[in-house]
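Okay, model.pdb now, which holds PDB, C-alpha atoms:
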ATOM      1  CA  MET A 689       0.000   0.000   0.000
ATOM      2  CA  THR A 690       2.661   2.513   1.041
ATOM      3  CA  GLY A 691       4.724   1.495  -1.972
ATOM      4  CA  HIS A 692       2.273   3.041  -4.424
ATOM      5  CA  ARG A 693       3.641   6.260  -5.866
ATOM      6  CA  LEU A 694       0.463   8.186  -5.025
ATOM      7  CA  PHE A 695       0.161   6.980  -1.426
ATOM      8  CA  TRP A 696       2.280   9.659   0.252
ATOM      9  CA  PRO A 697       1.093  12.622  -1.878
ATOM     10  CA  VAL A 698      -2.561  11.710  -1.279
ATOM     11  CA  THR A 699      -1.862  11.117   2.418
ATOM     12  CA  ALA A 700      -0.224  14.544   2.709
ATOM     13  CA  LEU A 701      -3.173  16.197   0.946
ATOM     14  CA  VAL A 702      -5.689  14.481   3.220
ATOM     15  CA  ALA A 703      -3.630  15.363   6.314
ATOM     16  CA  LEU A 704      -3.523  19.029   5.289
ATOM     17  CA  LEU A 705      -7.290  19.067   4.761
ATOM     18  CA  LEU A 706      -7.788  17.490   8.178
ATOM     19  CA  VAL A 707      -5.701  20.272   9.721
ATOM     20  CA  ASP A 708      -7.945  22.795   7.982
ATOM     21  CA  LEU A 709     -11.016  20.982   9.297
ATOM     22  CA  VAL A 710      -9.747  21.109  12.889
ATOM     23  CA  VAL A 711      -8.334  24.641  12.858
ATOM     24  CA  LYS A 712     -11.033  26.267  10.765
ATOM     25  CA  PRO A 713     -14.132  24.131  10.023
ATOM     26  CA  SER A 714     -15.560  26.864   7.787
ATOM     27  CA  PHE A 715     -12.772  25.985   5.317
ATOM     28  CA  PHE A 716     -15.043  23.203   4.061
ATOM     29  CA  LYS A 717     -18.126  25.375   3.791
ATOM     30  CA  VAL A 718     -19.489  25.471   0.237
ATOM     31  CA  GLU A 719     -22.264  27.914  -0.601
ATOM     32  CA  PHE A 720     -24.552  28.194  -3.592
ATOM     33  CA  ARG A 721     -24.958  31.808  -4.689
ATOM     34  CA  ASP A 722     -25.986  33.351  -8.005
ATOM     35  CA  GLY A 723     -26.057  29.926  -9.631
ATOM     36  CA  HIS A 724     -22.461  29.109  -8.625
ATOM     37  CA  LEU A 725     -20.624  27.273  -5.892
ATOM     38  CA  TYR A 726     -18.390  29.307  -3.589
ATOM     39  CA  GLY A 727     -15.921  28.287  -0.897
ATOM     40  CA  SER A 728     -12.275  27.530  -0.172
ATOM     41  CA  LEU A 729     -12.491  24.072  -1.761
ATOM     42  CA  ILE A 730     -13.883  25.572  -4.958
ATOM     43  CA  ASP A 731     -11.114  28.192  -4.928
ATOM     44  CA  ILE A 732      -8.503  25.434  -4.671
ATOM     45  CA  LEU A 733      -9.854  23.786  -7.817
ATOM     46  CA  ARG A 734     -10.270  27.058  -9.710
ATOM     47  CA  LEU A 735      -6.935  28.609  -8.780
ATOM     48  CA  GLY A 736      -5.059  25.313  -8.983
ATOM     49  CA  ALA A 737      -5.994  24.692 -12.615
ATOM     50  CA  PRO A 738      -3.143  26.787 -14.128
ATOM     51  CA  LEU A 739      -0.575  24.970 -11.980
ATOM     52  CA  ILE A 740      -2.036  21.603 -12.987
ATOM     53  CA  LEU A 741      -1.678  22.520 -16.651
ATOM     54  CA  VAL A 742       1.881  23.786 -16.308
ATOM     55  CA  GLY A 743       2.726  20.731 -14.202
ATOM     56  CA  ILE A 744       1.424  18.309 -16.833
ATOM     57  CA  GLY A 745       3.583  19.890 -19.523
ATOM     58  CA  MET A 746       6.589  20.057 -17.208
ATOM     59  CA  THR A 747       6.181  16.386 -16.274
ATOM     60  CA  LEU A 748       6.634  15.184 -19.834
ATOM     61  CA  VAL A 749       9.596  17.521 -20.318
ATOM     62  CA  VAL A 750      11.280  16.229 -17.150
ATOM     63  CA  ALA A 751      10.552  12.649 -18.216
ATOM     64  CA  THR A 752      12.926  13.194 -21.167
ATOM     65  CA  ARG A 753      15.666  14.394 -18.780
ATOM     66  CA  GLY A 754      14.832  17.998 -19.544
ATOM     67  CA  ILE A 755      13.567  21.014 -17.642
ATOM     68  CA  ASP A 756      11.633  24.105 -18.692
ATOM     69  CA  LEU A 757      12.307  27.199 -16.628
ATOM     70  CA  SER A 758      10.536  29.453 -19.135
ATOM     71  CA  VAL A 759       6.931  28.405 -18.463
ATOM     72  CA  GLY A 760       6.329  31.327 -16.083
ATOM     73  CA  SER A 761       7.381  33.793 -18.761
ATOM     74  CA  VAL A 762       5.252  31.970 -21.347
ATOM     75  CA  VAL A 763       2.276  32.307 -18.978
ATOM     76  CA  ALA A 764       2.883  36.067 -18.844
ATOM     77  CA  ILE A 765       3.302  36.347 -22.629
ATOM     78  CA  SER A 766       0.094  34.421 -23.312
ATOM     79  CA  GLY A 767      -2.037  36.607 -21.066
ATOM     80  CA  ALA A 768      -0.382  39.790 -22.278
ATOM     81  CA  LEU A 769      -0.992  39.107 -25.975
ATOM     82  CA  ALA A 770      -4.593  37.990 -25.451
ATOM     83  CA  CYS A 771      -5.418  41.032 -23.319
ATOM     84  CA  LEU A 772      -3.686  43.395 -25.740
ATOM     85  CA  HIS A 773      -5.846  42.134 -28.597
ATOM     86  CA  LEU A 774      -9.037  42.285 -26.536
ATOM     87  CA  SER A 775      -8.305  45.809 -25.288
ATOM     88  CA  GLY A 776      -8.177  47.036 -28.872
ATOM     89  CA  LEU A 777     -11.593  45.674 -29.825
ATOM     90  CA  GLY A 778     -14.630  47.890 -30.091
ATOM     91  CA  ASP A 779     -16.716  45.139 -28.515
ATOM     92  CA  GLN A 780     -14.692  43.094 -26.057
ATOM     93  CA  ASN A 781     -17.644  40.761 -25.478
ATOM     94  CA  SER A 782     -17.442  39.542 -29.057
ATOM     95  CA  VAL A 783     -16.990  35.770 -29.073
ATOM     96  CA  GLY A 784     -15.149  35.986 -32.369
ATOM     97  CA  GLY A 785     -12.717  38.532 -30.969
ATOM     98  CA  THR A 786     -12.126  36.351 -27.915
ATOM     99  CA  LEU A 787     -11.409  33.320 -30.075
ATOM    100  CA  VAL A 788      -8.911  35.320 -32.125
ATOM    101  CA  ALA A 789      -7.200  36.536 -28.950
ATOM    102  CA  VAL A 790      -6.968  32.967 -27.638
ATOM    103  CA  GLY A 791      -5.702  31.700 -30.990
ATOM    104  CA  LEU A 792      -2.996  34.381 -31.236
ATOM    105  CA  ALA A 793      -1.795  33.696 -27.691
ATOM    106  CA  LEU A 794      -1.679  29.921 -28.072
ATOM    107  CA  GLY A 795      -0.036  30.179 -31.490
ATOM    108  CA  LEU A 796       2.776  32.278 -30.042
ATOM    109  CA  CYS A 797       3.175  29.888 -27.097
ATOM    110  CA  LEU A 798       3.449  26.937 -29.479
ATOM    111  CA  ALA A 799       6.194  28.806 -31.315
ATOM    112  CA  LEU A 800       8.004  29.529 -28.046
ATOM    113  CA  GLY A 801       7.801  25.863 -27.078
ATOM    114  CA  ALA A 802       9.147  24.924 -30.494
ATOM    115  CA  TRP A 803      12.022  27.375 -29.956
ATOM    116  CA  ASN A 804      12.950  25.677 -26.690
ATOM    117  CA  GLY A 805      12.721  22.282 -28.351
ATOM    118  CA  PHE A 806      14.916  23.456 -31.210
ATOM    119  CA  LEU A 807      17.628  24.683 -28.859
ATOM    120  CA  VAL A 808      17.600  21.434 -26.882
ATOM    121  CA  SER A 809      17.020  18.739 -29.505
ATOM    122  CA  VAL A 810      18.707  20.261 -32.572
ATOM    123  CA  LEU A 811      21.444  22.530 -31.234
ATOM    124  CA  GLY A 812      22.139  20.313 -28.217
ATOM    125  CA  ILE A 813      22.049  23.126 -25.641
ATOM    126  CA  GLN A 814      21.491  21.929 -22.085
ATOM    127  CA  PRO A 815      17.777  22.283 -21.217
ATOM    128  CA  ILE A 816      18.357  24.400 -18.123
ATOM    129  CA  ILE A 817      20.377  26.914 -20.182
ATOM    130  CA  ALA A 818      18.130  26.814 -23.240
ATOM    131  CA  THR A 819      14.976  27.524 -21.229
ATOM    132  CA  LEU A 820      16.719  30.019 -18.960
ATOM    133  CA  ILE A 821      17.222  32.167 -22.066
ATOM    134  CA  LEU A 822      13.478  32.364 -22.673
ATOM    135  CA  MET A 823      12.783  32.686 -18.951
ATOM    136  CA  VAL A 824      14.707  35.968 -18.919
ATOM    137  CA  ALA A 825      13.840  37.222 -22.397
ATOM    138  CA  GLY A 826      10.213  36.095 -22.206
ATOM    139  CA  ARG A 827       9.403  38.283 -19.244
ATOM    140  CA  GLY A 828      10.856  41.209 -21.206
ATOM    141  CA  ILE A 829       8.746  40.252 -24.235
ATOM    142  CA  ALA A 830       5.621  40.285 -22.076
ATOM    143  CA  GLN A 831       6.549  43.737 -20.775
ATOM    144  CA  LEU A 832       7.061  44.988 -24.322
ATOM    145  CA  ILE A 833       3.640  43.657 -25.317
ATOM    146  CA  THR A 834       1.968  45.500 -22.444
ATOM    147  CA  ASP A 835       4.293  48.511 -22.703
ATOM    148  CA  GLY A 836       5.124  47.987 -19.050
ATOM    149  CA  GLN A 837       1.527  48.668 -18.008
ATOM    150  CA  ILE A 838      -1.238  46.494 -16.578
ATOM    151  CA  ILE A 839      -3.809  45.925 -19.318
ATOM    152  CA  THR A 840      -7.358  45.528 -18.033
ATOM    153  CA  ILE A 841     -10.221  44.002 -19.984
ATOM    154  CA  THR A 842     -14.002  43.734 -19.643
ATOM    155  CA  SER A 843     -14.660  40.731 -21.873
ATOM    156  CA  THR A 844     -17.119  38.401 -20.144
ATOM    157  CA  SER A 845     -16.498  35.600 -22.635
ATOM    158  CA  PHE A 846     -12.748  35.707 -21.956
ATOM    159  CA  ARG A 847     -13.216  35.932 -18.183
ATOM    160  CA  ALA A 848     -15.144  32.667 -18.332
ATOM    161  CA  LEU A 849     -11.825  30.854 -18.867
ATOM    162  CA  GLY A 850     -10.684  31.823 -15.381
ATOM    163  CA  SER A 851     -13.768  32.545 -13.331
ATOM    164  CA  GLY A 852     -16.613  30.972 -15.296
ATOM    165  CA  TYR A 853     -18.683  27.949 -14.272
ATOM    166  CA  LEU A 854     -20.227  25.075 -16.182
ATOM    167  CA  LEU A 855     -22.738  22.856 -14.378
ATOM    168  CA  LEU A 856     -21.654  24.436 -11.060
ATOM    169  CA  VAL A 857     -18.005  23.447 -11.686
ATOM    170  CA  PRO A 858     -15.283  26.042 -12.527
ATOM    171  CA  VAL A 859     -14.496  26.068 -16.237
ATOM    172  CA  SER A 860     -10.771  26.286 -15.518
ATOM    173  CA  ILE A 861     -10.636  22.969 -13.655
ATOM    174  CA  LEU A 862     -12.742  21.305 -16.370
ATOM    175  CA  ILE A 863     -10.202  22.433 -18.971
ATOM    176  CA  ALA A 864      -7.317  21.207 -16.814
ATOM    177  CA  LEU A 865      -8.967  17.827 -16.249
ATOM    178  CA  ALA A 866      -9.708  17.513 -19.976
ATOM    179  CA  VAL A 867      -6.034  18.127 -20.792
ATOM    180  CA  PHE A 868      -5.032  15.635 -18.088
ATOM    181  CA  ALA A 869      -7.426  12.978 -19.405
ATOM    182  CA  ALA A 870      -6.308  13.448 -23.020
ATOM    183  CA  SER A 871      -2.626  13.403 -22.055
ATOM    184  CA  SER A 872      -3.034  10.309 -19.878
ATOM    185  CA  LEU A 873      -4.827   8.410 -22.614
ATOM    186  CA  LEU A 874      -2.187   9.390 -25.136
ATOM    187  CA  VAL A 875       0.841   8.385 -23.050
ATOM    188  CA  ARG A 876      -0.650   5.308 -21.368
ATOM    189  CA  LYS A 877      -2.811   3.826 -24.119
ATOM    190  CA  SER A 878      -0.230   4.233 -26.869
ATOM    191  CA  ALA A 879       3.486   3.710 -27.267
ATOM    192  CA  LEU A 880       4.206   7.408 -26.712
ATOM    193  CA  GLY A 881       4.576   7.074 -22.950
ATOM    194  CA  LEU A 882       7.039   4.192 -23.278
ATOM    195  CA  LEU A 883       9.035   6.113 -25.874
ATOM    196  CA  ILE A 884       9.244   9.164 -23.603
ATOM    197  CA  GLU A 885      10.385   7.003 -20.693
ATOM    198  CA  ALA A 886      12.918   5.320 -22.963
ATOM    199  CA  VAL A 887      14.382   8.659 -24.004
ATOM    200  CA  GLY A 888      14.648   9.855 -20.416
ATOM    201  CA  GLY A 889      15.470   6.576 -18.701
ATOM    202  CA  ASN A 890      18.190   5.271 -21.001
ATOM    203  CA  PRO A 891      18.895   7.493 -24.022
ATOM    204  CA  GLU A 892      21.543   5.189 -25.460
ATOM    205  CA  ALA A 893      19.304   2.123 -25.306
ATOM    206  CA  GLY A 894      16.501   4.153 -26.866
ATOM    207  CA  ARG A 895      18.776   5.250 -29.688
ATOM    208  CA  LEU A 896      19.892   1.700 -30.388
ATOM    209  CA  SER A 897      16.232   0.641 -30.442
ATOM    210  CA  GLY A 898      15.509   3.162 -33.167
ATOM    211  CA  VAL A 899      13.727   5.766 -31.037
ATOM    212  CA  ARG A 900      13.933   9.214 -32.629
ATOM    213  CA  SER A 901      14.629  11.090 -29.430
ATOM    214  CA  GLY A 902      15.072  14.463 -31.125
ATOM    215  CA  ARG A 903      11.495  14.563 -32.382
ATOM    216  CA  LEU A 904      10.084  13.411 -29.070
ATOM    217  CA  ILE A 905      12.046  16.018 -27.133
ATOM    218  CA  TRP A 906      10.888  18.708 -29.535
ATOM    219  CA  LEU A 907       7.297  17.497 -29.153
ATOM    220  CA  VAL A 908       7.252  17.624 -25.340
ATOM    221  CA  TYR A 909       8.634  21.176 -25.292
ATOM    222  CA  VAL A 910       5.960  22.276 -27.762
ATOM    223  CA  PHE A 911       3.332  20.614 -25.589
ATOM    224  CA  GLY A 912       4.795  22.297 -22.511
ATOM    225  CA  GLY A 913       4.538  25.671 -24.231
ATOM    226  CA  LEU A 914       0.905  24.983 -25.138
ATOM    227  CA  CYS A 915       0.018  24.027 -21.551
ATOM    228  CA  ALA A 916       1.711  27.170 -20.237
ATOM    229  CA  GLY A 917      -0.182  29.228 -22.821
ATOM    230  CA  VAL A 918      -3.560  27.897 -21.691
ATOM    231  CA  ALA A 919      -2.549  28.501 -18.065
ATOM    232  CA  GLY A 920      -1.627  32.085 -18.963
ATOM    233  CA  LEU A 921      -5.067  32.658 -20.450
ATOM    234  CA  MET A 922      -6.650  31.374 -17.232
ATOM    235  CA  VAL A 923      -4.507  33.637 -15.058
ATOM    236  CA  ALA A 924      -5.316  36.691 -17.174
ATOM    237  CA  ALA A 925      -9.009  35.807 -17.330
ATOM    238  CA  ASN A 926      -9.180  35.319 -13.566
ATOM    239  CA  THR A 927      -7.722  38.771 -12.887
ATOM    240  CA  SER A 928      -9.412  40.458 -15.881
ATOM    241  CA  GLY A 929      -6.083  41.794 -17.013
ATOM    242  CA  ALA A 930      -2.448  41.174 -17.849
ATOM    243  CA  ASP A 931       0.384  41.955 -15.467
ATOM    244  CA  ALA A 932       3.655  41.097 -17.216
ATOM    245  CA  ASN A 933       5.664  41.503 -14.019
ATOM    246  CA  HIS A 934       3.717  39.123 -11.792
ATOM    247  CA  ALA A 935       1.689  36.765 -13.999
ATOM    248  CA  GLY A 936       3.133  33.278 -13.752
ATOM    249  CA  LEU A 937       5.895  34.402 -11.414
ATOM    250  CA  TRP A 938       7.640  31.330  -9.907
ATOM    251  CA  ILE A 939       5.008  28.964 -11.313
ATOM    252  CA  GLU A 940       7.820  26.945 -12.885
ATOM    253  CA  LEU A 941       9.165  26.186  -9.399
ATOM    254  CA  ASP A 942       5.731  25.181  -8.132
ATOM    255  CA  ALA A 943       5.344  22.897 -11.152
ATOM    256  CA  ILE A 944       8.683  21.219 -10.431
ATOM    257  CA  LEU A 945       7.660  20.764  -6.793
ATOM    258  CA  ALA A 946       4.284  19.339  -7.853
ATOM    259  CA  LEU A 947       5.756  16.699 -10.152
ATOM    260  CA  THR A 948       8.447  15.814  -7.615
ATOM    261  CA  ILE A 949       5.837  15.335  -4.905
ATOM    262  CA  GLY A 950       3.834  13.246  -7.371
ATOM    263  CA  GLY A 951       6.653  10.767  -7.903
ATOM    264  CA  THR A 952       8.221  11.903 -11.181
ATOM    265  CA  ARG A 953      11.993  11.530 -11.229
ATOM    266  CA  LEU A 954      13.975  14.655 -12.078
ATOM    267  CA  THR A 955      16.593  12.338 -13.611
ATOM    268  CA  GLY A 956      14.138  11.360 -16.346
ATOM    269  CA  GLY A 957      12.324   8.174 -17.225
ATOM    270  CA  ARG A 958       9.479   7.271 -14.907
ATOM    271  CA  PHE A 959       6.729   9.870 -14.618
ATOM    272  CA  SER A 960       3.224  10.176 -13.195
ATOM    273  CA  LEU A 961       0.701  12.663 -14.555
ATOM    274  CA  GLY A 962      -1.780  11.702 -11.843
ATOM    275  CA  GLY A 963       0.863  12.314  -9.211
ATOM    276  CA  THR A 964       1.526  15.753 -10.663
ATOM    277  CA  VAL A 965      -2.163  16.651 -10.400
ATOM    278  CA  VAL A 966      -2.204  15.560  -6.749
ATOM    279  CA  GLY A 967       1.009  17.505  -6.110
ATOM    280  CA  ALA A 968      -0.433  20.626  -7.711
ATOM    281  CA  LEU A 969      -3.609  20.366  -5.631
ATOM    282  CA  LEU A 970      -1.476  19.890  -2.506
ATOM    283  CA  ILE A 971       0.504  23.055  -3.234
ATOM    284  CA  GLN A 972      -2.630  25.069  -4.010
ATOM    285  CA  THR A 973      -4.350  23.722  -0.885
ATOM    286  CA  LEU A 974      -1.341  24.783   1.154
ATOM    287  CA  THR A 975      -1.385  28.252  -0.404
ATOM    288  CA  THR A 976      -5.117  28.665   0.206
ATOM    289  CA  THR A 977      -4.718  27.374   3.771
ATOM    290  CA  VAL A 978      -1.977  29.872   4.530
ATOM    291  CA  TYR A 979      -4.119  32.785   3.372
ATOM    292  CA  THR A 980      -7.273  31.457   5.013
ATOM    293  CA  LEU A 981      -5.577  31.040   8.390
ATOM    294  CA  GLY A 982      -4.270  34.601   8.222
ATOM    295  CA  ILE A 983      -0.585  33.737   8.182
ATOM    296  CA  PRO A 984       1.419  36.895   7.261
ATOM    297  CA  ASP A 985       2.541  37.196   3.644
ATOM    298  CA  THR A 986       6.153  37.454   4.787
ATOM    299  CA  ALA A 987       5.979  33.925   6.205
ATOM    300  CA  THR A 988       3.993  32.335   3.374
ATOM    301  CA  LEU A 989       6.965  31.131   1.344
ATOM    302  CA  LEU A 990       8.712  29.781   4.422
ATOM    303  CA  VAL A 991       5.663  27.777   5.545
ATOM    304  CA  LYS A 992       5.195  26.492   2.028
ATOM    305  CA  ALA A 993       8.827  25.390   1.771
ATOM    306  CA  LEU A 994       8.748  23.616   5.144
ATOM    307  CA  VAL A 995       5.599  21.647   4.314
ATOM    308  CA  VAL A 996       6.907  20.619   0.887
ATOM    309  CA  LEU A 997      10.221  19.579   2.472
ATOM    310  CA  LEU A 998       8.359  17.454   5.016
ATOM    311  CA  VAL A 999       6.330  15.736   2.298
ATOM    312  CA  CYS A1000       9.448  15.010   0.241
ATOM    313  CA  LEU A1001      11.240  13.586   3.299
ATOM    314  CA  VAL A1002       8.324  11.293   4.117
ATOM    315  CA  GLN A1003       8.315  10.097   0.521
ATOM    316  CA  SER A1004      12.035   9.287   0.577
ATOM    317  CA  PRO A1005      12.710   5.561   1.237
ATOM    318  CA  GLU A1006      16.247   6.436   2.379
ATOM    319  CA  PHE A1007      14.947   8.898   4.966
ATOM    320  CA  ARG A1008      12.348   6.448   6.271
ATOM    321  CA  ALA A1009      15.012   3.730   6.467
ATOM    322  CA  LYS A1010      17.234   5.973   8.571
ATOM    323  CA  VAL A1011      14.429   7.016  10.911
ATOM    324  CA  ARG A1012      13.057   3.540  11.630
ATOM    325  CA  PRO A1013      16.241   2.033  13.135
ATOM    326  CA  ARG A1014      16.548   4.999  15.475
ATOM    327  CA  ARG A1015      13.031   4.493  16.727
ATOM    328  CA  ALA A1016      13.678   0.778  17.249
ATOM    329  CA  THR A1017      16.835   1.571  19.201
ATOM    330  CA  GLU A1018      15.013   4.090  21.367
ATOM    331  CA  VAL A1019      12.302   1.551  22.210
ATOM    332  CA  THR A1020      14.889  -1.107  23.120
ATOM    333  CA  ALA A1021      16.781   1.334  25.343
TER
END

Full structure transcribed into structure tokens:
Amino acid sequence: MTGHRLFWPVTALVALLLVDLVVKPSFFKVEFRDGHLYGSLIDILRLGAPLILVGIGMTLVVATRGIDLSVGSVVAISGALACLHLSGLGDQNSVGGTLVAVGLALGLCLALGAWNGFLVSVLGIQPIIATLILMVAGRGIAQLITDGQIITITSTSFRALGSGYLLLVPVSILIALAVFAASSLLVRKSALGLLIEAVGGNPEAGRLSGVRSGRLIWLVYVFGGLCAGVAGLMVAANTSGADANHAGLWIELDAILALTIGGTRLTGGRFSLGGTVVGALLIQTLTTTVYTLGIPDTATLLVKALVVLLVCLVQSPEFRAKVRPRRATEVTA
């Protein structure tokens, strides 16, 4: 039971929710107002959707022994371009105009993902360096798009991506779950997942088996860019505007934490999309808990880091092996 890769992440999530139940029972209160569901649990799902999306893309990148530090900047670029287009429309509520804005943003994010893939798979630049380039330059690109200002929008159709509801459920989490379901089916019901694990687990063996690692690596970076682009649209839609300086800030680190908590190896090979979703929900639950309990903003990052460290230690077989003998010795003494 404890050997299952999802056991410890799920246990940590349940334990955190139990703490919320004891400390503040109203955390679980869900209200129905204006045809929608409201409450901390709903906020976790709604606000956690962008991290789930970025985490899914990052998981497949890491599975190929890569890393993508640029996803936060891509999130900012996506929201900035979509909001810039919408702000210039005479009727921001136009569905056609919203679709064009979404298409422009996602098209650019696909190109940015392809750029990262080109640097890594064709030019052979180390992934951390290749994506660091876009991480730095991308934030500047987003600022150029917005001219250094916060662009606000009034489009109700666009806002639905971040704060809309469908059948009482937030649209953002439905989109994230749809991407998760499609990705899981693709990598687990076809040979794609095995090929990705082969590229990341043993590149030389994969090459000798005829696996075209270059194309696969390029593909996962493109997919990562697309996921970050959709997440950027959600972030912008949720705030009804684009803030190039803060949108997607540090989301790449949260995504890496989420997939690590979920059991994906940073050394490549084995990966778990389901584990990443659980890890992302754990991080968002922790963030929501910190704000709900009134913990000062200055201590938020520290609390978050300590909890994540504790979860990672509990997951580590080496750590558990070192702790158990000590306990046995103490009992004998």

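Between Gly743 in chain A and the residues A:Cys1000, A:Leu796, A:Val991, A:Val965, the shortest atom-to-atom distance, using all atoms listed in the file, involves A:Val965.
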
| Given the file above and the PyMOL selection byres ((chain A and resi 883) around 10), which residues are selected, and can you give them as a VMD selection string? | chain A and resid 752 875 878 to 882 884 to 889 894 899 to 901 904 957

Original post:
Could you spell out the hits of the PyMOL selection byres ((chain A and resi 707-713) around 12) on the shown file, as a VMD selection string?
Top reply: chain A and resid 700 to 706 714 to 718 727 to 729 973 to 982

Take the selection from the previous step and output its residues with C-alpha atoms, as a compact mmCIF listing (two decimals), keeping the file's coordinate frame.
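Contents of the output file result_36.txt:
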# COMPACT_ATOMS: atom_id res chain seq x y z
CA ALA A 700 -0.22 14.54 2.71
CA LEU A 701 -3.17 16.20 0.95
CA VAL A 702 -5.69 14.48 3.22
CA ALA A 703 -3.63 15.36 6.31
CA LEU A 704 -3.52 19.03 5.29
CA LEU A 705 -7.29 19.07 4.76
CA LEU A 706 -7.79 17.49 8.18
CA SER A 714 -15.56 26.86 7.79
CA PHE A 715 -12.77 25.98 5.32
CA PHE A 716 -15.04 23.20 4.06
CA LYS A 717 -18.13 25.38 3.79
CA VAL A 718 -19.49 25.47 0.24
CA GLY A 727 -15.92 28.29 -0.90
CA SER A 728 -12.28 27.53 -0.17
CA LEU A 729 -12.49 24.07 -1.76
CA THR A 973 -4.35 23.72 -0.88
CA LEU A 974 -1.34 24.78 1.15
CA THR A 975 -1.38 28.25 -0.40
CA THR A 976 -5.12 28.66 0.21
CA THR A 977 -4.72 27.37 3.77
CA VAL A 978 -1.98 29.87 4.53
CA TYR A 979 -4.12 32.78 3.37
CA THR A 980 -7.27 31.46 5.01
CA LEU A 981 -5.58 31.04 8.39
CA GLY A 982 -4.27 34.60 8.22

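Every protein, DNA or RNA residue with an atom at most 8 Å from Leu739 in chain A, where only C-alpha atoms count and chain neighbours fewer than 6 positions away do not, is listed here: A:Ala919, A:Ile939, A:Asp942, A:Ala943, A:Ala968.
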
Given the selection you just returned, output its residues as a file containing C-alpha atoms, formatted as a CSV table (one decimal), keeping the file's coordinate frame.
chain,number,residue,atom,x,y,z
A,919,ALA,CA,-2.5,28.5,-18.1
A,939,ILE,CA,5.0,29.0,-11.3
A,942,ASP,CA,5.7,25.2,-8.1
A,943,ALA,CA,5.3,22.9,-11.2
A,968,ALA,CA,-0.4,20.6,-7.7

For Trp906 in chain A, work out the shell of residues within 7 Å, counting only C-alpha atoms and skipping chain neighbours fewer than 2 positions away, then give it as a short mmCIF file (atom, residue, chain, number, x, y, z; two decimals) with C-alpha atoms, keeping the file's coordinate frame.
data_model
loop_
_atom_site.label_atom_id
_atom_site.label_comp_id
_atom_site.auth_asym_id
_atom_site.auth_seq_id
_atom_site.Cartn_x
_atom_site.Cartn_y
_atom_site.Cartn_z
CA ALA A 802 9.15 24.92 -30.49
CA GLY A 805 12.72 22.28 -28.35
CA PHE A 806 14.92 23.46 -31.21
CA SER A 809 17.02 18.74 -29.50
CA GLY A 902 15.07 14.46 -31.12
CA ARG A 903 11.50 14.56 -32.38
CA LEU A 904 10.08 13.41 -29.07
CA VAL A 908 7.25 17.62 -25.34
CA TYR A 909 8.63 21.18 -25.29
CA VAL A 910 5.96 22.28 -27.76
#

Determine the axis-aligned bounding box of all atoms of range 804-811 of chain A present in the file, pad each side by 8 Å, and express its centre and edge lengths in Å to one decimal place as JSON.
{"center_x": 17.1, "center_y": 22.2, "center_z": -29.6, "size_x": 24.7, "size_y": 22.9, "size_z": 21.9}
